[in-house]
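See below for structure-v2.txt, which holds compact mmCIF, C-alpha atoms (C1' of nucleotides).
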# COMPACT_ATOMS: atom_id res chain seq x y z
CA MET Y 1 61.07 -16.36 -81.83
CA SER Y 2 62.19 -19.69 -80.57
CA SER Y 3 61.58 -19.20 -76.92
CA SER Y 4 61.67 -18.43 -73.39
CA ALA Y 5 62.49 -14.86 -72.46
CA GLN Y 6 63.86 -16.60 -69.44
CA LYS Y 7 63.80 -14.38 -66.42
CA TYR Y 8 66.17 -16.49 -64.40
CA ASP Y 9 69.29 -18.09 -65.73
CA VAL Y 10 71.39 -20.78 -64.12
CA PHE Y 11 73.76 -18.32 -62.48
CA GLN Y 12 71.00 -16.45 -60.72
CA ALA Y 13 69.28 -19.67 -59.79
CA ILE Y 14 72.22 -20.99 -57.83
CA ALA Y 15 73.03 -17.64 -56.23
CA ASP Y 16 70.57 -18.20 -53.41
CA PRO Y 17 71.62 -20.51 -50.54
CA THR Y 18 68.11 -21.86 -50.04
CA ARG Y 19 67.94 -22.88 -53.67
CA ARG Y 20 71.30 -24.61 -53.43
CA GLU Y 21 70.00 -26.58 -50.47
CA VAL Y 22 66.90 -27.52 -52.42
CA LEU Y 23 69.11 -28.83 -55.20
CA ARG Y 24 70.98 -31.01 -52.75
CA LEU Y 25 67.75 -32.41 -51.41
CA LEU Y 26 66.43 -33.21 -54.85
CA ALA Y 27 69.69 -34.80 -55.86
CA GLU Y 28 68.83 -37.65 -53.56
CA ASN Y 29 65.09 -37.98 -53.95
CA GLU Y 30 62.14 -36.87 -55.97
CA LEU Y 31 60.07 -34.87 -53.50
CA PRO Y 32 56.76 -33.03 -53.34
CA ILE Y 33 56.73 -29.35 -52.40
CA SER Y 34 55.33 -29.90 -48.92
CA GLU Y 35 58.03 -32.30 -47.98
CA ILE Y 36 60.75 -30.03 -49.31
CA THR Y 37 59.25 -27.24 -47.25
CA SER Y 38 59.58 -29.30 -44.09
CA TYR Y 39 63.34 -28.90 -44.31
CA PHE Y 40 63.22 -25.10 -44.30
CA PRO Y 41 62.16 -22.39 -41.87
CA MET Y 42 59.86 -20.67 -44.34
CA SER Y 43 56.45 -21.00 -45.93
CA ARG Y 44 55.44 -23.46 -48.61
CA THR Y 45 54.75 -20.53 -50.90
CA ALA Y 46 58.32 -19.32 -50.57
CA ILE Y 47 59.68 -22.75 -51.43
CA ALA Y 48 57.31 -23.00 -54.36
CA LYS Y 49 58.74 -19.76 -55.71
CA HIS Y 50 62.27 -21.06 -55.37
CA LEU Y 51 61.21 -24.17 -57.24
CA HIS Y 52 59.78 -22.08 -60.04
CA ILE Y 53 63.06 -20.27 -60.37
CA LEU Y 54 65.05 -23.50 -60.39
CA SER Y 55 62.60 -24.87 -62.90
CA GLU Y 56 62.96 -21.87 -65.18
CA ALA Y 57 66.69 -22.36 -65.08
CA GLU Y 58 66.07 -26.01 -65.94
CA LEU Y 59 67.97 -27.28 -62.95
CA VAL Y 60 64.90 -29.06 -61.71
CA HIS Y 61 61.78 -30.61 -63.15
CA GLY Y 62 58.34 -31.02 -61.62
CA ARG Y 63 55.60 -33.49 -62.49
CA LYS Y 64 52.12 -33.70 -61.08
CA VAL Y 65 51.21 -36.87 -59.26
CA GLY Y 66 47.71 -36.82 -57.87
CA ARG Y 67 47.35 -33.68 -55.85
CA GLU Y 68 51.03 -33.20 -55.32
CA LYS Y 69 53.79 -31.91 -57.54
CA ARG Y 70 57.01 -33.83 -57.29
CA TYR Y 71 60.29 -32.26 -58.20
CA ARG Y 72 63.49 -33.94 -59.22
CA LEU Y 73 66.91 -32.80 -60.35
CA GLN Y 74 67.52 -32.13 -64.04
CA PRO Y 75 71.22 -32.85 -64.05
CA GLU Y 76 72.02 -32.04 -67.69
CA SER Y 77 71.54 -28.39 -66.94
CA PHE Y 78 74.65 -28.22 -64.88
CA ALA Y 79 76.51 -28.42 -68.16
CA GLU Y 80 76.20 -24.70 -68.79
CA LEU Y 81 77.90 -24.01 -65.50
CA ARG Y 82 80.58 -26.55 -66.17
CA GLN Y 83 81.27 -25.06 -69.53
CA TRP Y 84 81.50 -21.55 -68.12
CA LEU Y 85 83.81 -22.71 -65.38
CA SER Y 86 85.99 -24.71 -67.72
CA TYR Y 87 87.14 -21.52 -69.40
CA TYR Y 88 88.95 -20.62 -66.20
CA ASP Y 89 90.70 -23.96 -66.00
CA GLN Y 90 93.50 -22.57 -68.11
CA PHE Y 91 94.42 -20.17 -65.32
CA TRP Y 92 94.43 -22.87 -62.75
CA ASN Y 93 97.45 -24.79 -61.56
CA ASN Y 94 95.74 -27.82 -60.23
CA LYS Y 95 94.65 -29.84 -63.23
CA LEU Y 96 96.25 -32.85 -61.70
CA SER Y 97 93.60 -33.22 -59.08
CA ILE Y 98 90.69 -32.94 -61.49
CA LEU Y 99 92.26 -35.52 -63.68
CA LYS Y 100 92.72 -37.86 -60.76
CA HIS Y 101 89.18 -37.33 -59.67
CA VAL Y 102 87.75 -38.01 -63.08
CA VAL Y 103 89.94 -40.97 -63.87
CA GLU Y 104 89.08 -42.60 -60.61
CA ASN Y 105 85.37 -42.21 -61.16
CA VAL Y 106 84.96 -43.22 -64.75
CA GLU Y 107 84.12 -46.78 -65.76
CA SER Y 108 87.10 -48.78 -66.88
CA ASP Y 109 85.72 -49.59 -70.32
CA GLU Y 110 85.11 -45.91 -70.97
CA LEU Y 111 88.62 -45.24 -69.82
CA GLN Y 112 89.96 -47.73 -72.34
CA VAL Y 113 88.16 -45.90 -75.12
CA ILE Y 114 89.77 -42.66 -74.11
CA LYS Y 115 93.24 -44.06 -73.91
CA THR Y 116 92.89 -45.58 -77.35
CA GLU Y 117 91.41 -42.45 -78.89
CA THR Y 118 94.00 -40.13 -77.49
CA SER Y 119 96.99 -42.28 -78.33
CA ASN Y 120 95.80 -42.75 -81.91
CA ARG Y 121 95.56 -39.02 -82.42
CA LYS Y 122 98.41 -37.18 -84.11
CA LYS Y 123 100.39 -34.98 -81.77
CA MET X 1 87.08 -14.37 -35.04
CA SER X 2 89.13 -15.34 -38.02
CA SER X 3 87.46 -13.19 -40.56
CA SER X 4 85.39 -11.64 -43.06
CA ALA X 5 81.68 -11.55 -42.41
CA GLN X 6 81.68 -11.68 -46.17
CA LYS X 7 78.67 -10.03 -47.63
CA TYR X 8 79.12 -11.51 -51.07
CA ASP X 9 80.03 -15.10 -51.75
CA VAL X 10 81.24 -16.59 -54.99
CA PHE X 11 77.77 -17.66 -56.08
CA GLN X 12 76.33 -14.19 -55.77
CA ALA X 13 79.37 -12.67 -57.36
CA ILE X 14 78.97 -14.60 -60.59
CA ALA X 15 75.21 -14.16 -60.72
CA ASP X 16 75.49 -10.80 -62.45
CA PRO X 17 76.23 -10.79 -66.21
CA THR X 18 78.32 -7.62 -66.02
CA ARG X 19 80.52 -9.20 -63.39
CA ARG X 20 80.96 -12.31 -65.50
CA GLU X 21 82.08 -10.12 -68.38
CA VAL X 22 84.52 -8.35 -66.10
CA LEU X 23 85.97 -11.70 -65.12
CA ARG X 24 86.50 -12.57 -68.77
CA LEU X 25 88.27 -9.30 -69.37
CA LEU X 26 90.56 -9.74 -66.41
CA ALA X 27 91.33 -13.30 -67.40
CA GLU X 28 93.33 -11.91 -70.27
CA ASN X 29 94.90 -8.79 -68.79
CA GLU X 30 95.49 -6.93 -65.62
CA LEU X 31 93.50 -3.74 -66.07
CA PRO X 32 92.81 -0.47 -64.24
CA ILE X 33 89.23 0.48 -63.42
CA SER X 34 88.97 3.18 -66.08
CA GLU X 35 89.96 0.86 -68.83
CA ILE X 36 87.57 -1.84 -67.66
CA THR X 37 84.84 0.76 -67.62
CA SER X 38 85.49 1.58 -71.27
CA TYR X 39 84.05 -1.81 -72.20
CA PHE X 40 80.71 -1.18 -70.52
CA PRO X 41 77.78 1.18 -70.95
CA MET X 42 77.80 2.37 -67.36
CA SER X 43 79.66 4.65 -65.02
CA ARG X 44 83.09 4.05 -63.55
CA THR X 45 81.50 4.04 -60.10
CA ALA X 46 79.21 1.20 -61.07
CA ILE X 47 82.13 -0.86 -62.35
CA ALA X 48 84.10 -0.08 -59.20
CA LYS X 49 81.25 -1.51 -57.14
CA HIS X 50 81.21 -4.66 -59.22
CA LEU X 51 84.95 -4.96 -58.68
CA HIS X 52 84.49 -4.64 -54.93
CA ILE X 53 81.99 -7.46 -55.00
CA LEU X 54 84.27 -9.66 -57.10
CA SER X 55 87.09 -8.78 -54.76
CA GLU X 56 85.10 -9.69 -51.68
CA ALA X 57 84.36 -13.03 -53.27
CA GLU X 58 88.09 -13.33 -53.94
CA LEU X 59 87.61 -13.88 -57.63
CA VAL X 60 89.69 -10.85 -58.38
CA HIS X 61 92.50 -8.94 -56.77
CA GLY X 62 93.37 -5.24 -57.04
CA ARG X 63 96.70 -3.56 -56.45
CA LYS X 64 97.46 0.13 -56.49
CA VAL X 65 99.96 1.29 -59.07
CA GLY X 66 100.52 5.00 -58.93
CA ARG X 67 97.18 6.66 -59.16
CA GLU X 68 95.44 3.71 -60.69
CA LYS X 69 94.17 0.47 -59.24
CA ARG X 70 94.80 -2.54 -61.42
CA TYR X 71 92.71 -5.64 -61.10
CA ARG X 72 93.60 -9.16 -62.09
CA LEU X 73 91.94 -12.55 -61.85
CA GLN X 74 92.42 -14.61 -58.70
CA PRO X 75 91.96 -18.01 -60.29
CA GLU X 76 92.26 -20.18 -57.18
CA SER X 77 88.90 -18.95 -56.03
CA PHE X 78 87.08 -20.79 -58.73
CA ALA X 79 87.86 -23.90 -56.75
CA GLU X 80 84.87 -23.43 -54.48
CA LEU X 81 82.60 -23.41 -57.50
CA ARG X 82 84.28 -26.42 -59.01
CA GLN X 83 83.90 -28.31 -55.80
CA TRP X 84 80.24 -27.44 -55.52
CA LEU X 85 79.61 -28.44 -59.09
CA SER X 86 81.56 -31.67 -58.79
CA TYR X 87 78.97 -33.00 -56.39
CA TYR X 88 76.51 -33.10 -59.27
CA ASP X 89 78.88 -35.01 -61.53
CA GLN X 90 77.51 -38.24 -60.14
CA PHE X 91 74.14 -37.49 -61.73
CA TRP X 92 75.64 -36.72 -65.06
CA ASN X 93 75.96 -39.12 -67.95
CA ASN X 94 78.70 -37.45 -69.86
CA LYS X 95 81.89 -38.07 -67.95
CA LEU X 96 83.52 -39.23 -71.10
CA SER X 97 83.72 -35.76 -72.55
CA ILE X 98 85.22 -34.20 -69.45
CA LEU X 99 87.79 -36.90 -69.34
CA LYS X 100 88.68 -36.33 -72.95
CA HIS X 101 88.91 -32.63 -72.40
CA VAL X 102 91.14 -32.94 -69.40
CA VAL X 103 93.37 -35.63 -70.82
CA GLU X 104 93.93 -33.65 -73.94
CA ASN X 105 94.89 -30.54 -72.05
CA VAL X 106 97.14 -31.86 -69.36
CA GLU X 107 100.91 -32.03 -69.78
CA SER X 108 102.17 -35.46 -70.71
CA ASP X 109 104.48 -35.83 -67.72
CA GLU X 110 101.62 -35.07 -65.37
CA LEU X 111 99.56 -37.62 -67.23
CA GLN X 112 102.21 -40.23 -66.68
CA VAL X 113 102.12 -39.58 -62.95
CA ILE X 114 98.39 -40.11 -62.93
CA LYS X 115 98.47 -43.31 -64.87
CA THR X 116 101.09 -44.72 -62.55
CA GLU X 117 99.32 -43.62 -59.41
CA THR X 118 95.98 -44.99 -60.40
CA SER X 119 97.21 -48.31 -61.63
CA ASN X 120 99.23 -48.87 -58.46
CA ARG X 121 96.21 -48.29 -56.30
CA LYS X 122 94.28 -51.28 -54.96
CA LYS X 123 90.85 -51.69 -56.47
C1' DT L 1 102.24 25.11 -58.35
C1' DT L 2 98.68 24.32 -61.11
C1' DG L 3 95.83 21.43 -63.55
C1' DA L 4 94.38 16.99 -65.22
C1' DC L 5 93.65 12.24 -64.17
C1' DA L 6 92.24 7.99 -61.39
C1' DT L 7 90.02 6.69 -57.77
C1' DA L 8 87.13 6.51 -53.23
C1' DG L 9 82.99 7.29 -50.88
C1' DA L 10 78.54 9.21 -49.66
C1' DA L 11 73.78 10.07 -50.70
C1' DC L 12 70.20 8.91 -53.36
C1' DC L 13 66.84 6.19 -56.30
C1' DA L 14 64.04 2.62 -58.97
C1' DA L 15 63.53 -2.00 -59.62
C1' DA L 16 64.30 -6.70 -58.27
C1' DT L 17 64.34 -10.12 -54.66
C1' DG L 18 62.78 -12.99 -50.98
C1' DG L 19 59.63 -13.34 -47.98
C1' DT L 20 54.59 -13.01 -46.08
C1' DT L 21 49.25 -13.65 -45.91
C1' DT L 22 45.01 -14.58 -48.16
C1' DC L 23 42.02 -16.81 -51.23
C1' DG L 24 40.67 -20.20 -54.75
C1' DT L 25 40.73 -24.85 -56.73
C1' DA L 26 41.66 -29.71 -57.51
C1' DT L 27 42.35 -34.20 -55.43
C1' DA L 28 42.05 -37.66 -51.67
C1' DA L 29 40.05 -39.66 -47.57
C1' DT L 30 36.18 -40.43 -44.27
C1' DA C 1 28.85 -35.20 -49.16
C1' DT C 2 32.07 -33.29 -46.36
C1' DT C 3 36.44 -32.34 -44.88
C1' DA C 4 41.34 -32.21 -45.12
C1' DT C 5 45.39 -31.90 -48.06
C1' DA C 6 48.43 -29.98 -51.70
C1' DC C 7 48.98 -26.71 -54.58
C1' DG C 8 48.67 -22.04 -57.51
C1' DA C 9 48.27 -17.24 -57.76
C1' DA C 10 47.58 -12.58 -56.28
C1' DA C 11 48.54 -8.72 -53.34
C1' DC C 12 51.54 -6.84 -50.36
C1' DC C 13 55.97 -5.53 -47.91
C1' DA C 14 60.94 -4.74 -46.38
C1' DT C 15 65.45 -5.20 -47.90
C1' DT C 16 68.88 -5.72 -51.37
C1' DT C 17 70.71 -4.68 -55.70
C1' DG C 18 72.49 -2.12 -59.48
C1' DG C 19 72.70 1.98 -61.03
C1' DT C 20 73.20 7.29 -60.70
C1' DT C 21 75.41 12.08 -59.34
C1' DC C 22 78.30 14.79 -56.47
C1' DT C 23 82.25 15.71 -53.66
C1' DA C 24 86.84 14.79 -51.85
C1' DT C 25 91.57 12.99 -52.15
C1' DG C 26 95.90 11.39 -53.97
C1' DT C 27 99.11 11.25 -57.94
C1' DC C 28 101.26 12.55 -62.28
C1' DA C 29 102.62 16.11 -65.75
C1' DA C 30 103.69 20.80 -67.38

Rewrite the structure of this file - the entire thing - as C-alpha cells.
Amino acid sequence: MSSSAQKYDVFQAIADPTRREVLRLLAENELPISEITSYFPMSRTAIAKHLHILSEAELVHGRKVGREKRYRLQPESFAELRQWLSYYDQFWNNKLSILKHVVENVESDELQVIKTETSNRKK
Amino acid sequence: MSSSAQKYDVFQAIADPTRREVLRLLAENELPISEITSYFPMSRTAIAKHLHILSEAELVHGRKVGREKRYRLQPESFAELRQWLSYYDQFWNNKLSILKHVVENVESDELQVIKTETSNRKK
DNA sequence: TTGACATAGAACCAAATGGTTTCGTATAAT
DNA sequence: ATTATACGAAACCATTTGGTTCTATGTCAA
C-alpha cells in the first residue's frame, strides 16, 4: 500500500535520447519547460511529457515559480543505476581506472578517513 | 561506412526487465537459448528476440555449438553506461561509499600502484 | 535414414511510445 | 481590463515494441 505504481522506472526513463539530453541540460541549470523546449526540435507538450517521465523516475524535480515550472536534477536517483551497474563490475577487468578516477576526485580529508578505516580492518 | 546502423543501443537494451534478468543469468553461466527460456514465462522465440537486442547492443555474445547457440555476457560493453553515469557523479554527495567499495574490492598490488601514481602527481 | 531437438525467420497482433493539435486556466505585464 | 505568456490535459495518430504462431533448416541420436 505504500506507493506509487510507478509506470516508468529509471531504466526506461534514460532509454530515450531526448530525455538523456534533458538530463544533461538540467545538470547545469534549473530551467523552466519553455526554455528546455528551445533546445529541441519538438513541441513544448512533448518536452513536458518527457519531464513527467523523468519526474516519475525521480531523476528530476519540478517546482512552480510564478507561472512557470522549473525543473532541476535530482541526483540521488542515479544511485539505483549505479547499484545495478556495480553488480557487473566483478566481470570487468578495468577496476584500476575507476579507482584512479574516484581517488583523484575525492576530497583529501575524506580520503584519509578511507585509508584509516580500511587499514584498521582485519584482513 | 564503418558500421552498424545499430537499431538498439545499450540504454534501450537494458530498459526491459526481462532483458535485465537475462543479463543476470548470463553473468553466471554461458547458456543456450532453450535453457534461458526455461527461466521465463514466455516463448523461446521471444527470448531469442531479446537476445538479438542484447547482442546488437553488445552486452552479450552468442556462439554456435553444435545445434545450440550459447550466449555469454560481454562485460566490456557496460563501459558506455559507466561512462555516461560517471558524468553525474559530480552532483552526488556520496563518493565516500563508492571509494570504500572500490578500495575494498581491488587487489592490493593494484592499490599500491594507484597510491604511488596519485601521490607522485603534481597537485 | 529416420526422428527428435535447437534454432532461425516470417507473418501477425495488441499495447505502449513518442509525437502532434486543440482547448482551458492561471499568472504576469501593459 | 485586456492581452500575452506558461503551463496542463485531452484527444488523436503513426510507429515501435514485445509478444504470439507457424514453417523451414541444420544437427544429433538411434

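Using only C-alpha atoms (C1' of nucleotides), the chain Y residues found within 8 Å of chain L amount to Ala46, Gly66 and Arg67 of chain Y.
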
Legend entry - Interface residues on chain C facing chain X, 9 Å, all atoms listed in the file, written as a ChimeraX atom specification: /C:18-20,26-28

Inset, instruction - Using CA of Phe91 in chain Y and CA of Glu80 in chain X as the two end points, give the distance in Å to one decimal. - result: 14.8 Å

Legend entry - Interatomic distance, C1' of DA24 in chain C to CA of His52 in chain X (Å, one decimal):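 Computed distance, C1' of DA24 in chain C to CA of His52 in chain X, equals 19.8 Å.
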
Legend entry - Atomic separation - CA of Leu26 in chain Y relative to CA of Leu59 in chain Y, Å: 10.2 Å

Inset, instruction - For each of X:Ser34, X:Arg24, X:His61, X:Thr18, take the minimum atom-to-atom distance to chain Y, counting only C-alpha atoms, then give the residue where this is smallest. - result: X:Arg24

Inset, instruction - Determine, counting all atoms listed in the file, which protein, DNA and RNA residues have an atom within 12 Å of an atom of Phe78 in chain X; residues of the same chain fewer than 5 positions away are not included. Present the result as a list in words. - result: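 These residues fall inside the cut-off: Leu81, Arg82, Trp84, Leu85, Ser86, Tyr87, Tyr88, Asp89, Gln90, Phe91, Trp92, Asn93 and Asn94 of chain Y; Asp9, Val10, Phe11, Ala13, Ile14, Leu23, Leu54, Ala57, Glu58, Leu59, Val60, Leu73, Gln83, Trp84 and Leu85 of chain X.
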
Inset, instruction - Find the residue from X:Ile36, X:Ile53, X:Ala79, X:Ala27 that sits nearest to Gln6 in chain X; use all atoms listed in the file when measuring. - result: X:Ile53
